[in-house]
$ cat final.cif   # mmCIF, C-alpha atoms
data_run
#
loop_
_atom_site.group_PDB
_atom_site.id
_atom_site.type_symbol
_atom_site.label_atom_id
_atom_site.label_comp_id
_atom_site.auth_asym_id
_atom_site.auth_seq_id
_atom_site.Cartn_x
_atom_site.Cartn_y
_atom_site.Cartn_z
ATOM 1 C CA MET A 1 9.458 -33.304 -85.857
ATOM 2 C CA SER A 2 10.610 -30.566 -88.181
ATOM 3 C CA GLU A 3 13.392 -28.235 -87.185
ATOM 4 C CA THR A 4 10.912 -25.343 -86.978
ATOM 5 C CA ALA A 5 8.543 -27.276 -84.733
ATOM 6 C CA LYS A 6 11.445 -28.266 -82.486
ATOM 7 C CA PHE A 7 12.626 -24.647 -82.341
ATOM 8 C CA THR A 8 9.169 -23.261 -81.457
ATOM 9 C CA ALA A 9 8.673 -26.021 -78.876
ATOM 10 C CA ASP A 10 12.004 -24.984 -77.248
ATOM 11 C CA ILE A 11 10.894 -21.333 -77.194
ATOM 12 C CA LEU A 12 7.663 -22.295 -75.400
ATOM 13 C CA THR A 13 9.447 -24.624 -72.963
ATOM 14 C CA VAL A 14 11.897 -21.873 -71.980
ATOM 15 C CA ALA A 15 9.002 -19.430 -71.535
ATOM 16 C CA LYS A 16 7.054 -21.914 -69.349
ATOM 17 C CA GLU A 17 10.152 -22.597 -67.232
ATOM 18 C CA LYS A 18 10.736 -18.873 -66.807
ATOM 19 C CA ALA A 19 7.092 -18.269 -65.842
ATOM 20 C CA GLN A 20 7.221 -21.196 -63.404
ATOM 21 C CA SER A 21 10.458 -19.911 -61.908
ATOM 22 C CA MET A 22 8.974 -16.420 -61.405
ATOM 23 C CA THR A 23 5.936 -17.894 -59.658
ATOM 24 C CA SER A 24 8.025 -20.248 -57.508
ATOM 25 C CA GLN A 25 10.338 -17.420 -56.504
ATOM 26 C CA ALA A 26 7.370 -15.244 -55.511
ATOM 27 C CA GLU A 27 5.912 -18.108 -53.499
ATOM 28 C CA ALA A 28 9.235 -18.803 -51.783
ATOM 29 C CA GLU A 29 9.619 -15.114 -50.956
ATOM 30 C CA THR A 30 6.070 -15.057 -49.623
ATOM 31 C CA GLN A 31 6.634 -18.114 -47.432
ATOM 32 C CA ARG A 32 9.854 -16.613 -46.051
ATOM 33 C CA ALA A 33 8.237 -13.256 -45.378
ATOM 34 C CA LEU A 34 5.223 -14.941 -43.819
ATOM 35 C CA LYS A 35 7.451 -17.015 -41.533
ATOM 36 C CA GLU A 36 9.336 -13.901 -40.393
ATOM 37 C CA ALA A 37 6.080 -12.018 -39.915
ATOM 38 C CA LYS A 38 4.648 -14.914 -37.896
ATOM 39 C CA ALA A 39 7.704 -14.895 -35.638
ATOM 40 C CA ASP A 40 7.209 -11.148 -35.098
ATOM 41 C CA MET A 41 3.495 -11.414 -34.439
ATOM 42 C CA THR A 42 4.040 -14.347 -32.083
ATOM 43 C CA ARG A 43 6.543 -12.244 -30.147
ATOM 44 C CA GLU A 44 4.053 -9.385 -30.077
ATOM 45 C CA ALA A 45 1.262 -11.685 -28.869
ATOM 46 C CA ASP A 46 3.552 -13.263 -26.255
ATOM 47 C CA ASP A 47 4.481 -9.801 -25.007
ATOM 48 C CA MET A 48 0.826 -8.965 -24.745
ATOM 49 C CA ILE A 49 0.135 -12.094 -22.668
ATOM 50 C CA ARG A 50 3.228 -11.527 -20.518
ATOM 51 C CA ASN A 51 2.161 -7.927 -19.847
ATOM 52 C CA ALA A 52 -1.333 -9.120 -19.021
ATOM 53 C CA ARG A 53 0.072 -11.651 -16.530
ATOM 54 C CA ALA A 54 2.172 -8.908 -14.898
ATOM 55 C CA GLU A 55 -0.849 -6.606 -14.835
ATOM 56 C CA ALA A 56 -2.930 -9.431 -13.367
ATOM 57 C CA GLU A 57 -0.389 -9.938 -10.582
ATOM 58 C CA GLY A 58 -0.431 -6.190 -9.965
ATOM 59 C CA VAL A 59 -4.214 -6.133 -9.866
ATOM 60 C CA LYS A 60 -4.294 -8.970 -7.318
ATOM 61 C CA ARG A 61 -1.550 -7.412 -5.223
ATOM 62 C CA ARG A 62 -3.272 -4.034 -5.304
ATOM 63 C CA GLN A 63 -6.615 -5.474 -4.236
ATOM 64 C CA ILE A 64 -5.070 -7.380 -1.328
ATOM 65 C CA SER A 65 -2.924 -4.438 -0.360
ATOM 66 C CA GLU A 66 -5.919 -2.072 -0.377
ATOM 67 C CA VAL A 67 -7.847 -4.387 1.924
ATOM 68 C CA ARG A 68 -4.787 -4.831 4.172
ATOM 69 C CA HIS A 69 -4.394 -1.071 4.388
ATOM 70 C CA ARG A 70 -8.101 -0.571 5.123
ATOM 71 C CA ILE A 71 -8.062 -3.284 7.786
ATOM 72 C CA LYS A 72 -4.883 -1.902 9.366
ATOM 73 C CA LEU A 73 -6.477 1.540 9.480
ATOM 74 C CA GLN A 74 -9.663 0.133 10.973
ATOM 75 C CA GLU A 75 -7.654 -1.806 13.563
ATOM 76 C CA GLN A 76 -5.705 1.326 14.488
ATOM 77 C CA GLN A 77 -8.927 3.329 14.771
ATOM 78 C CA GLU A 78 -10.525 0.698 17.003
ATOM 79 C CA LYS A 79 -7.406 0.542 19.183
ATOM 80 C CA SER A 80 -7.148 4.331 19.340
ATOM 81 C CA LYS A 81 -10.791 4.539 20.434
ATOM 82 C CA ILE A 82 -10.164 2.068 23.254
ATOM 83 C CA LEU A 83 -6.912 3.781 24.263
ATOM 84 C CA ALA A 84 -8.597 7.195 24.277
ATOM 85 C CA ASP A 85 -11.389 5.794 26.428
ATOM 86 C CA VAL A 86 -8.877 4.255 28.846
ATOM 87 C CA LEU A 87 -7.012 7.578 29.109
ATOM 88 C CA GLU A 88 -10.289 9.383 29.722
ATOM 89 C CA ARG A 89 -11.316 6.867 32.398
ATOM 90 C CA THR A 90 -7.897 7.212 33.998
ATOM 91 C CA ARG A 91 -8.328 10.964 34.098
ATOM 92 C CA LYS A 92 -11.782 10.571 35.669
ATOM 93 C CA ARG A 93 -10.455 8.049 38.191
ATOM 94 C CA ILE A 94 -7.723 10.498 39.154
ATOM 95 C CA ILE A 95 -10.305 13.255 39.571
ATOM 96 C CA ASP A 96 -12.248 10.845 41.804
ATOM 97 C CA ILE A 97 -9.091 10.249 43.838
ATOM 98 C CA THR A 98 -8.520 13.988 44.220
ATOM 99 C CA ASN A 99 -12.035 14.204 45.660
ATOM 100 C CA ASP A 100 -11.257 11.544 48.230
ATOM 101 C CA GLU A 101 -9.107 13.437 50.719
ATOM 102 C CA SER A 102 -7.910 10.331 52.562
ATOM 103 C CA LYS A 103 -6.390 8.959 49.363
ATOM 104 C CA TYR A 104 -5.408 12.232 47.789
ATOM 105 C CA VAL A 105 -3.568 14.035 50.602
ATOM 106 C CA PRO A 106 -0.729 11.467 50.791
ATOM 107 C CA TYR A 107 -0.245 11.755 47.003
ATOM 108 C CA LEU A 108 -0.387 15.538 47.139
ATOM 109 C CA ALA A 109 2.191 15.503 49.925
ATOM 110 C CA SER A 110 4.436 13.278 47.794
ATOM 111 C CA MET A 111 4.089 15.619 44.834
ATOM 112 C CA ILE A 112 4.981 18.643 46.936
ATOM 113 C CA GLU A 113 7.881 16.734 48.535
ATOM 114 C CA SER A 114 9.223 15.752 45.111
ATOM 115 C CA GLY A 115 8.876 19.378 43.904
ATOM 116 C CA ILE A 116 10.749 20.689 46.943
ATOM 117 C CA ARG A 117 13.527 18.100 46.523
ATOM 118 C CA GLU A 118 13.839 19.075 42.884
ATOM 119 C CA ILE A 119 13.950 22.843 43.490
ATOM 120 C CA GLY A 120 16.495 22.301 46.300
ATOM 121 C CA LEU A 121 15.555 25.427 48.341
ATOM 122 C CA ASP A 122 14.707 25.791 52.054
ATOM 123 C CA ASN A 123 12.152 28.491 51.436
ATOM 124 C CA VAL A 124 9.481 27.703 48.864
ATOM 125 C CA VAL A 125 6.029 28.701 47.707
ATOM 126 C CA VAL A 126 3.498 25.938 47.057
ATOM 127 C CA HIS A 127 0.740 26.560 44.539
ATOM 128 C CA LEU A 128 -2.459 24.475 44.624
ATOM 129 C CA ASN A 129 -5.659 24.541 42.595
ATOM 130 C CA ALA A 130 -8.674 26.481 43.897
ATOM 131 C CA GLY A 131 -10.462 23.408 45.273
ATOM 132 C CA ASP A 132 -7.442 22.142 47.175
ATOM 133 C CA LEU A 133 -6.680 25.624 48.506
ATOM 134 C CA LYS A 134 -10.129 25.769 50.038
ATOM 135 C CA ARG A 135 -10.638 22.288 51.403
ATOM 136 C CA ILE A 136 -7.232 20.801 52.239
ATOM 137 C CA ASP A 137 -5.985 21.161 55.767
ATOM 138 C CA LYS A 138 -2.701 22.875 54.951
ATOM 139 C CA GLY A 139 -1.285 22.351 58.426
ATOM 140 C CA ARG A 140 -1.757 18.611 58.099
ATOM 141 C CA LEU A 141 -0.347 18.690 54.567
ATOM 142 C CA GLU A 142 2.718 20.662 55.651
ATOM 143 C CA ARG A 143 3.364 18.208 58.489
ATOM 144 C CA GLU A 144 3.034 15.306 56.059
ATOM 145 C CA VAL A 145 5.495 16.947 53.621
ATOM 146 C CA THR A 146 7.978 17.778 56.395
ATOM 147 C CA ARG A 147 7.777 14.199 57.638
ATOM 148 C CA LYS A 148 8.488 12.894 54.117
ATOM 149 C CA LEU A 149 11.336 15.360 53.559
ATOM 150 C CA ASP A 150 12.844 14.549 56.930
ATOM 151 C CA LYS A 151 14.021 18.149 57.234
ATOM 152 C CA SER A 152 12.481 21.506 57.875
ATOM 153 C CA VAL A 153 11.609 23.640 54.883
ATOM 154 C CA LYS A 154 9.698 26.883 55.067
ATOM 155 C CA MET A 155 6.548 26.521 52.984
ATOM 156 C CA GLU A 156 4.277 29.354 51.980
ATOM 157 C CA TRP A 157 0.929 28.724 50.310
ATOM 158 C CA ALA A 158 0.325 30.830 47.231
ATOM 159 C CA LYS A 159 -3.008 32.658 47.400
ATOM 160 C CA ASP A 160 -3.609 32.558 43.653
ATOM 161 C CA PRO A 161 -4.752 29.126 42.551
ATOM 162 C CA VAL A 162 -3.228 27.268 39.604
ATOM 163 C CA ASP A 163 -5.459 25.838 36.942
ATOM 164 C CA THR A 164 -4.931 22.109 37.295
ATOM 165 C CA LEU A 165 -6.741 18.883 38.173
ATOM 166 C CA GLY A 166 -4.600 18.452 41.250
ATOM 167 C CA GLY A 167 -1.047 18.232 42.464
ATOM 168 C CA ALA A 168 1.087 21.260 43.140
ATOM 169 C CA MET A 169 3.576 23.649 41.681
ATOM 170 C CA VAL A 170 6.573 24.493 43.852
ATOM 171 C CA SER A 171 8.365 27.734 43.141
ATOM 172 C CA SER A 172 11.104 29.876 44.629
ATOM 173 C CA LYS A 173 9.929 32.889 46.639
ATOM 174 C CA ASP A 174 10.694 35.283 43.797
ATOM 175 C CA GLY A 175 8.811 32.978 41.397
ATOM 176 C CA LYS A 176 11.782 32.738 39.038
ATOM 177 C CA THR A 177 12.184 28.983 39.497
ATOM 178 C CA ARG A 178 9.095 26.793 39.165
ATOM 179 C CA ILE A 179 8.746 23.047 39.453
ATOM 180 C CA PRO A 180 5.370 22.024 38.115
ATOM 181 C CA ASN A 181 4.266 18.794 39.721
ATOM 182 C CA THR A 182 0.627 18.896 38.819
ATOM 183 C CA LEU A 183 -1.502 15.992 37.679
ATOM 184 C CA ASP A 184 -2.051 17.687 34.293
ATOM 185 C CA GLN A 185 1.673 18.081 33.802
ATOM 186 C CA ARG A 186 2.209 14.460 34.832
ATOM 187 C CA PHE A 187 -0.513 13.343 32.513
ATOM 188 C CA GLU A 188 0.987 15.250 29.634
ATOM 189 C CA ALA A 189 4.566 14.178 30.342
ATOM 190 C CA LEU A 190 3.554 10.586 30.873
ATOM 191 C CA GLU A 191 1.151 10.281 27.948
ATOM 192 C CA PRO A 192 3.564 8.380 25.671
ATOM 193 C CA LYS A 193 4.319 5.956 28.495
ATOM 194 C CA LEU A 194 0.649 5.684 29.401
ATOM 195 C CA LEU A 195 -0.221 4.787 25.826
ATOM 196 C CA ILE A 196 2.510 2.142 25.706
ATOM 197 C CA GLU A 197 1.525 0.633 29.042
ATOM 198 C CA ALA A 198 -2.173 0.670 28.192
ATOM 199 C CA GLY A 199 -1.333 -0.927 24.840
ATOM 200 C CA LYS A 200 0.603 -3.685 26.615
ATOM 201 C CA VAL A 201 -2.310 -4.456 28.921
ATOM 202 C CA LEU A 202 -5.042 -4.140 26.302
ATOM 203 C CA PHE A 203 -3.399 -5.598 23.222
ATOM 204 C CA GLY A 204 -0.411 -7.552 24.523
ATOM 205 C CA ASN A 205 -0.359 -11.294 23.998
ATOM 206 C CA MET B 1 7.100 -24.878 -96.102
ATOM 207 C CA SER B 2 8.105 -21.497 -97.384
ATOM 208 C CA GLY B 3 10.497 -19.218 -95.528
ATOM 209 C CA ILE B 4 7.698 -16.744 -94.817
ATOM 210 C CA GLU B 5 5.585 -19.470 -93.247
ATOM 211 C CA THR B 6 8.496 -20.594 -91.096
ATOM 212 C CA VAL B 7 9.126 -17.036 -89.889
ATOM 213 C CA LYS B 8 5.385 -16.650 -89.084
ATOM 214 C CA ILE B 9 5.388 -19.848 -87.053
ATOM 215 C CA ILE B 10 8.442 -18.665 -85.098
ATOM 216 C CA VAL B 11 6.940 -15.179 -84.539
ATOM 217 C CA ASP B 12 3.692 -16.753 -83.260
ATOM 218 C CA ALA B 13 5.676 -18.999 -80.937
ATOM 219 C CA GLU B 14 7.628 -15.972 -79.638
ATOM 220 C CA LYS B 15 4.327 -14.158 -79.055
ATOM 221 C CA GLU B 16 2.922 -17.162 -77.171
ATOM 222 C CA ALA B 17 6.132 -17.422 -75.153
ATOM 223 C CA ALA B 18 5.946 -13.713 -74.252
ATOM 224 C CA LYS B 19 2.337 -14.244 -73.157
ATOM 225 C CA ILE B 20 3.350 -17.220 -70.988
ATOM 226 C CA VAL B 21 6.120 -15.162 -69.321
ATOM 227 C CA GLU B 22 3.776 -12.212 -68.853
ATOM 228 C CA ASP B 23 1.165 -14.465 -67.223
ATOM 229 C CA GLY B 24 3.869 -15.915 -64.952
ATOM 230 C CA GLN B 25 4.924 -12.431 -64.000
ATOM 231 C CA LYS B 26 1.318 -11.454 -63.275
ATOM 232 C CA ARG B 27 0.906 -14.532 -61.045
ATOM 233 C CA ALA B 28 4.127 -13.670 -59.191
ATOM 234 C CA THR B 29 2.975 -10.070 -58.723
ATOM 235 C CA GLU B 30 -0.389 -11.330 -57.515
ATOM 236 C CA ILE B 31 1.302 -13.684 -55.000
ATOM 237 C CA ARG B 32 3.495 -10.818 -53.696
ATOM 238 C CA LYS B 33 0.509 -8.504 -53.540
ATOM 239 C CA ARG B 34 -1.452 -11.086 -51.518
ATOM 240 C CA LEU B 35 1.402 -11.350 -49.006
ATOM 241 C CA LYS B 36 0.753 -7.973 -47.373
ATOM 242 C CA SER B 37 -2.916 -8.634 -46.776
ATOM 243 C CA LEU B 38 -2.155 -12.211 -45.673
ATOM 244 C CA ILE B 39 0.325 -10.980 -43.049
ATOM 245 C CA GLN B 40 -2.076 -8.269 -41.938
ATOM 246 C CA GLU B 41 -4.901 -10.777 -41.669
ATOM 247 C CA GLN B 42 -2.842 -13.317 -39.689
ATOM 248 C CA ARG B 43 -1.419 -10.612 -37.447
ATOM 249 C CA GLU B 44 -4.867 -9.258 -36.649
ATOM 250 C CA GLN B 45 -6.153 -12.748 -35.941
ATOM 251 C CA MET B 46 -3.227 -13.624 -33.681
ATOM 252 C CA LEU B 47 -3.328 -10.320 -31.809
ATOM 253 C CA LYS B 48 -7.093 -10.503 -31.455
ATOM 254 C CA SER B 49 -6.729 -13.900 -29.860
ATOM 255 C CA ALA B 50 -3.860 -12.656 -27.654
ATOM 256 C CA ARG B 51 -5.894 -9.618 -26.602
ATOM 257 C CA LYS B 52 -8.785 -11.885 -25.689
ATOM 258 C CA GLU B 53 -6.502 -14.135 -23.650
ATOM 259 C CA ALA B 54 -4.882 -11.100 -21.992
ATOM 260 C CA ALA B 55 -8.266 -9.641 -21.068
ATOM 261 C CA SER B 56 -9.336 -12.994 -19.674
ATOM 262 C CA ILE B 57 -6.126 -13.259 -17.592
ATOM 263 C CA VAL B 58 -6.684 -9.785 -16.093
ATOM 264 C CA GLU B 59 -10.374 -10.442 -15.536
ATOM 265 C CA SER B 60 -9.626 -13.730 -13.750
ATOM 266 C CA ALA B 61 -6.988 -12.005 -11.638
ATOM 267 C CA GLU B 62 -9.493 -9.313 -10.685
ATOM 268 C CA LYS B 63 -11.976 -11.969 -9.613
ATOM 269 C CA GLU B 64 -9.331 -13.971 -7.748
ATOM 270 C CA GLY B 65 -7.941 -10.825 -6.141
ATOM 271 C CA LYS B 66 -11.429 -9.739 -5.091
ATOM 272 C CA ALA B 67 -12.154 -13.149 -3.606
ATOM 273 C CA GLU B 68 -8.785 -13.302 -1.822
ATOM 274 C CA ALA B 69 -9.250 -9.746 -0.561
ATOM 275 C CA GLU B 70 -12.727 -10.598 0.707
ATOM 276 C CA ASN B 71 -11.428 -13.697 2.475
ATOM 277 C CA TYR B 72 -8.566 -11.749 3.967
ATOM 278 C CA GLY B 73 -10.977 -8.987 4.967
ATOM 279 C CA LYS B 74 -13.346 -11.452 6.655
ATOM 280 C CA GLY B 75 -10.510 -13.138 8.530
ATOM 281 C CA SER B 76 -9.075 -9.816 9.597
ATOM 282 C CA GLN B 77 -12.459 -8.471 10.693
ATOM 283 C CA ASP B 78 -12.840 -11.509 12.928
ATOM 284 C CA GLU B 79 -9.349 -10.914 14.287
ATOM 285 C CA ILE B 80 -10.102 -7.236 14.967
ATOM 286 C CA ARG B 81 -13.348 -8.166 16.707
ATOM 287 C CA MET B 82 -11.391 -10.613 18.873
ATOM 288 C CA VAL B 83 -8.689 -8.042 19.682
ATOM 289 C CA VAL B 84 -11.311 -5.411 20.532
ATOM 290 C CA SER B 85 -13.384 -7.758 22.631
ATOM 291 C CA LYS B 86 -10.281 -8.951 24.531
ATOM 292 C CA ALA B 87 -9.177 -5.330 25.039
ATOM 293 C CA LEU B 88 -12.600 -4.331 26.352
ATOM 294 C CA THR B 89 -12.339 -6.933 29.106
ATOM 295 C CA LYS B 90 -8.974 -5.482 30.126
ATOM 296 C CA LYS B 91 -9.974 -1.826 30.285
ATOM 297 C CA ASP B 92 -10.248 -1.742 34.078
ATOM 298 C CA GLU B 93 -6.845 -3.399 34.472
ATOM 299 C CA ALA B 94 -5.349 -0.829 32.101
ATOM 300 C CA VAL B 95 -6.993 2.094 33.922
ATOM 301 C CA ASN B 96 -5.657 0.819 37.257
ATOM 302 C CA ARG B 97 -2.147 0.550 35.869
ATOM 303 C CA LEU B 98 -2.292 4.038 34.334
ATOM 304 C CA VAL B 99 -3.667 5.581 37.528
ATOM 305 C CA ASN B 100 -0.750 4.072 39.442
ATOM 306 C CA ILE B 101 1.750 5.348 36.893
ATOM 307 C CA VAL B 102 0.318 8.890 37.014
ATOM 308 C CA LEU B 103 0.201 8.945 40.793
ATOM 309 C CA GLU B 104 3.722 7.548 41.086
ATOM 310 C CA GLY B 105 4.806 10.002 38.420
ATOM 311 C CA LYS B 106 7.612 7.869 37.054
ATOM 312 C CA ALA B 107 8.209 8.582 33.375
#
$ encode --input "final.cif" --output "structure tokens"
Amino acid sequence: MSETAKFTADILTVAKEKAQSMTSQAEAETQRALKEAKADMTREADDMIRNARAEAEGVKRRQISEVRHRIKLQEQQEKSKILADVLERTRKRIIDITNDESKYVPYLASMIESGIREIGLDNVVVHLNAGDLKRIDKGRLEREVTRKLDKSVKMEWAKDPVDTLGGAMVSSKDGKTRIPNTLDQRFEALEPKLLIEAGKVLFGN
Amino acid sequence: MSGIETVKIIVDAEKEAAKIVEDGQKRATEIRKRLKSLIQEQREQMLKSARKEAASIVESAEKEGKAEAENYGKGSQDEIRMVVSKALTKKDEAVNRLVNIVLEGKA
């Protein structure tokens, strides 16, 4: 091979090597960049799946929780309905008792006695509802109360009736002190207890 | 071979070499240029598949949740019916107790 041919061959070899090196470098850079990009996109995809799993858990929890809430509400409504009915029946039963003088008078006497003990006076006014004022034998009632009190207290019967299912209100003569011992007042005061007790009977284990 | 001929041969070789390097450079540029679209393409493919999987996970959870909720609902409805039916048989007992409490008047 002549010197010239050798020289030109060297020139071409160097050029080919340079071209090859440029291509290889670009490919290496590409592979590196692709690897990094894949790591990023894998992370992104994993995040997406992880978020979906969390969302899925949330969806399940929400569905169950909604049903639980609805059921709880329904249960409370059903129980409230039954409790309200029991309270109403109790009220009716008490009205029935107030209509049965033989059962009612002893209770009425107890209510008046308790009112008199609470007010602590020897001279009191007893207020009854219109029905009781008309039909109850006040002499018998007074005797019953006196017997229960085991002492003599002067009782006057108020002419104006009180608006109540039954029971009595005991007041001082001047009307400044009043002890309401009516069935309505008892009902109202006892309602929380009545609900608890009814709940125990109806829904207790 | 004359000197002019020798110089011509060398100049031609230099030209060919420059062409080889230029082609190499073009290939490298082409490879780099392809990278962006390659990454974009792979990313879209991977995320599309992830999105599909994610949607399927949520959809399955919705179905499972619905089924579990229905089961729970059925069980609870039965329980409520039992509680109500038991309570209904005890209404009279409850009324009696409440009447006594009201008449006794003990809070």
$ axis_aligned_box --input "final.cif" --around "range 18-37 of chain B" --padding-each-side "6 Å" --output "lines of an AutoDock Vina configuration file"
center_x = 1.6
center_y = -12.6
center_z = -60.5
size_x = 21.0
size_y = 21.2
size_z = 39.5
$ closest_residue --input "final.cif" --among "B:Val7, B:Ser56, B:Gly75, B:Ala61" --to "chain A" --atoms "only C-alpha atoms"
B:Ala61
$ residues_around --input "final.cif" --residues "range 44-61 of chain A" --least-positions-apart "4" --cutoff "12 Å" --atoms "all atoms listed in the file" --output "PDB file with C-alpha atoms, keeping the file's coordinate frame"
ATOM      1  CA  ALA A  37       6.080 -12.018 -39.915  1.00  0.00           C
ATOM      2  CA  LYS A  38       4.648 -14.914 -37.896  1.00  0.00           C
ATOM      3  CA  ALA A  39       7.704 -14.895 -35.638  1.00  0.00           C
ATOM      4  CA  ASP A  40       7.209 -11.148 -35.098  1.00  0.00           C
ATOM      5  CA  SER A  65      -2.924  -4.438  -0.360  1.00  0.00           C
ATOM      6  CA  GLU A  66      -5.919  -2.072  -0.377  1.00  0.00           C
ATOM      7  CA  VAL A  67      -7.847  -4.387   1.924  1.00  0.00           C
ATOM      8  CA  ARG A  68      -4.787  -4.831   4.172  1.00  0.00           C
ATOM      9  CA  HIS A  69      -4.394  -1.071   4.388  1.00  0.00           C
TER      10      HIS A  69
ATOM     11  CA  GLN B  42      -2.842 -13.317 -39.689  1.00  0.00           C
ATOM     12  CA  ARG B  43      -1.419 -10.612 -37.447  1.00  0.00           C
ATOM     13  CA  GLU B  44      -4.867  -9.258 -36.649  1.00  0.00           C
ATOM     14  CA  GLN B  45      -6.153 -12.748 -35.941  1.00  0.00           C
ATOM     15  CA  MET B  46      -3.227 -13.624 -33.681  1.00  0.00           C
ATOM     16  CA  LEU B  47      -3.328 -10.320 -31.809  1.00  0.00           C
ATOM     17  CA  LYS B  48      -7.093 -10.503 -31.455  1.00  0.00           C
ATOM     18  CA  SER B  49      -6.729 -13.900 -29.860  1.00  0.00           C
ATOM     19  CA  ALA B  50      -3.860 -12.656 -27.654  1.00  0.00           C
ATOM     20  CA  ARG B  51      -5.894  -9.618 -26.602  1.00  0.00           C
ATOM     21  CA  LYS B  52      -8.785 -11.885 -25.689  1.00  0.00           C
ATOM     22  CA  GLU B  53      -6.502 -14.135 -23.650  1.00  0.00           C
ATOM     23  CA  ALA B  54      -4.882 -11.100 -21.992  1.00  0.00           C
ATOM     24  CA  ALA B  55      -8.266  -9.641 -21.068  1.00  0.00           C
ATOM     25  CA  SER B  56      -9.336 -12.994 -19.674  1.00  0.00           C
ATOM     26  CA  ILE B  57      -6.126 -13.259 -17.592  1.00  0.00           C
ATOM     27  CA  VAL B  58      -6.684  -9.785 -16.093  1.00  0.00           C
ATOM     28  CA  GLU B  59     -10.374 -10.442 -15.536  1.00  0.00           C
ATOM     29  CA  SER B  60      -9.626 -13.730 -13.750  1.00  0.00           C
ATOM     30  CA  ALA B  61      -6.988 -12.005 -11.638  1.00  0.00           C
ATOM     31  CA  GLU B  62      -9.493  -9.313 -10.685  1.00  0.00           C
ATOM     32  CA  LYS B  63     -11.976 -11.969  -9.613  1.00  0.00           C
ATOM     33  CA  GLU B  64      -9.331 -13.971  -7.748  1.00  0.00           C
ATOM     34  CA  GLY B  65      -7.941 -10.825  -6.141  1.00  0.00           C
ATOM     35  CA  LYS B  66     -11.429  -9.739  -5.091  1.00  0.00           C
ATOM     36  CA  ALA B  67     -12.154 -13.149  -3.606  1.00  0.00           C
ATOM     37  CA  GLU B  68      -8.785 -13.302  -1.822  1.00  0.00           C
ATOM     38  CA  ALA B  69      -9.250  -9.746  -0.561  1.00  0.00           C
ATOM     39  CA  GLU B  70     -12.727 -10.598   0.707  1.00  0.00           C
TER      40      GLU B  70
END
$ resolve_selection --input "final.cif" --expression "the PyMOL selection byres ((chain A and resi 198) around 9)" --output "ChimeraX atom specification"
/A:83,86-87,193-197,199-203 /B:91,93-95,97-98
$ write_last_selection --input "final.cif" --atoms "C-alpha atoms" --output "tab-separated table (two decimals), keeping the file's coordinate frame"
chain	number	residue	atom	x	y	z
A	83	LEU	CA	-6.91	3.78	24.26
A	86	VAL	CA	-8.88	4.26	28.85
A	87	LEU	CA	-7.01	7.58	29.11
A	193	LYS	CA	4.32	5.96	28.50
A	194	LEU	CA	0.65	5.68	29.40
A	195	LEU	CA	-0.22	4.79	25.83
A	196	ILE	CA	2.51	2.14	25.71
A	197	GLU	CA	1.52	0.63	29.04
A	199	GLY	CA	-1.33	-0.93	24.84
A	200	LYS	CA	0.60	-3.68	26.62
A	201	VAL	CA	-2.31	-4.46	28.92
A	202	LEU	CA	-5.04	-4.14	26.30
A	203	PHE	CA	-3.40	-5.60	23.22
B	91	LYS	CA	-9.97	-1.83	30.28
B	93	GLU	CA	-6.84	-3.40	34.47
B	94	ALA	CA	-5.35	-0.83	32.10
B	95	VAL	CA	-6.99	2.09	33.92
B	97	ARG	CA	-2.15	0.55	35.87
B	98	LEU	CA	-2.29	4.04	34.33
$ atom_distance --input "final.cif" --atom1 "CA of Gln77 in chain B" --atom2 "CA of Glu191 in chain A"
28.9 Å
$ atom_distance --input "final.cif" --atom1 "CA of Tyr72 in chain B" --atom2 "CA of Thr89 in chain B"
25.9 Å
$ atom_distance --input "final.cif" --atom1 "CA of Glu101 in chain A" --atom2 "CA of Leu128 in chain A"
14.3 Å
$ resolve_selection --input "final.cif" --expression "the PyMOL selection byres ((chain A and resi 5-20) around 9)" --output "list in words"
Met1, Ser2, Glu3, Thr4, Ser21, Met22, Thr23, Ser24 and Gln25 of chain A; Ile9, Ile10, Val11, Asp12, Ala13, Glu14, Glu16, Ala17, Ala18, Lys19, Ile20, Val21, Glu22, Asp23, Gly24, Gln25, Arg27 and Ala28 of chain B
$ closest_atom_pairs --input "final.cif" --of "range 24-50 of chain A" --to "range 29-33 of chain B" --cutoff "8 Å" --atoms "all atoms listed in the file" --output "CSV"
residue,atom,partner,partner_atom,distance
A:Ala26,CA,B:Arg32,CA,6.2
A:Glu27,CA,B:Ile31,CA,6.6
A:Glu29,CA,B:Arg32,CA,8.0
A:Thr30,CA,B:Arg32,CA,6.4
$ resolve_selection --input "final.cif" --expression "the PyMOL selection byres ((chain B and resi 103) around 9)" --output "MDAnalysis selection string"
(chainID A and resid 94 107 111 183 186) or (chainID B and resid 98:102 104:106)
$ closest_residue --input "final.cif" --among "A:Glu118, A:Asp100, A:Glu36, A:Asp184" --to "Val162 in chain A" --atoms "only C-alpha atoms"
A:Asp184
$ closest_residue --input "final.cif" --among "A:Lys35, A:Arg143, A:His127, A:Arg117" --to "chain B" --atoms "only C-alpha atoms"
A:Lys35
$ closest_residue --input "final.cif" --among "A:Gln74, A:Thr42, A:Ser171, A:Gln63" --to "Glu79 in chain B" --atoms "all atoms listed in the file"
A:Gln74
$ closest_residue --input "final.cif" --among "A:Ile64, A:Leu165, A:Val105, A:Val126" --to "chain B" --atoms "all atoms listed in the file"
A:Ile64
$ closest_residue --input "final.cif" --among "A:Arg32, A:Lys176, A:Lys134, A:Arg89" --to "chain B" --atoms "all atoms listed in the file"
A:Arg89
